[in-house]
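Enquirer: Shown below is the structure under consideration.
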Amino acid sequence: MFTRITENGGRRYLQIMESFRNEAGKPRLRVVANLGRIDT
């Protein structure tokens, strides 16, 4: 697992991500939790 910062509408959000392999064996990413806005 790792964290990722995304931007949407000029605001920044923190997410916890997980990497996994789908049924075809290809690596994919999944959002485990959205932790909310990052205020500056």
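Order determines the names: the first chain of the structure tokens is A, the second B, and so forth; residues in each chain are numbered 1 upward, and ligands are numbered 1 upward as they are shown.
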Extract, using only C-alpha atoms, all DNA, RNA and protein residues at most 12 Å from Thr6 in chain A, discarding same-chain residues fewer than 5 positions from it, and format them as an NGL selection string.

Expert: :A and (11-17 or 31 or 34-38)

Enquirer: For Arg30 in chain A, work out the shell of residues within 7 Å, counting only C-alpha atoms and skipping chain neighbours fewer than 2 positions away, then give it as a PDB file with N, CA, C and O atoms, in the first residue's frame.

Expert:
ATOM      1  N   MET A  17      -3.730   3.818  -1.514  1.00  0.00           N
ATOM      2  CA  MET A  17      -3.860   2.977  -2.697  1.00  0.00           C
ATOM      3  C   MET A  17      -3.294   1.578  -2.421  1.00  0.00           C
ATOM      4  O   MET A  17      -2.448   1.401  -1.551  1.00  0.00           O
ATOM      5  N   GLU A  18      -3.746   0.611  -3.210  1.00  0.00           N
ATOM      6  CA  GLU A  18      -3.263  -0.758  -3.125  1.00  0.00           C
ATOM      7  C   GLU A  18      -3.031  -1.253  -4.545  1.00  0.00           C
ATOM      8  O   GLU A  18      -3.848  -1.000  -5.431  1.00  0.00           O
ATOM      9  N   SER A  19      -1.934  -1.941  -4.765  1.00  0.00           N
ATOM     10  CA  SER A  19      -1.687  -2.531  -6.074  1.00  0.00           C
ATOM     11  C   SER A  19      -2.025  -4.021  -6.004  1.00  0.00           C
ATOM     12  O   SER A  19      -1.788  -4.677  -4.989  1.00  0.00           O
ATOM     13  N   ARG A  28      -2.919  -3.662 -11.425  1.00  0.00           N
ATOM     14  CA  ARG A  28      -3.928  -2.593 -11.350  1.00  0.00           C
ATOM     15  C   ARG A  28      -3.798  -1.891 -10.005  1.00  0.00           C
ATOM     16  O   ARG A  28      -3.182  -2.398  -9.077  1.00  0.00           O
ATOM     17  N   VAL A  32      -8.124   2.225  -1.524  1.00  0.00           N
ATOM     18  CA  VAL A  32      -8.558   1.578  -0.287  1.00  0.00           C
ATOM     19  C   VAL A  32      -9.358   2.566   0.555  1.00  0.00           C
ATOM     20  O   VAL A  32     -10.395   2.222   1.105  1.00  0.00           O
TER      21      VAL A  32
END
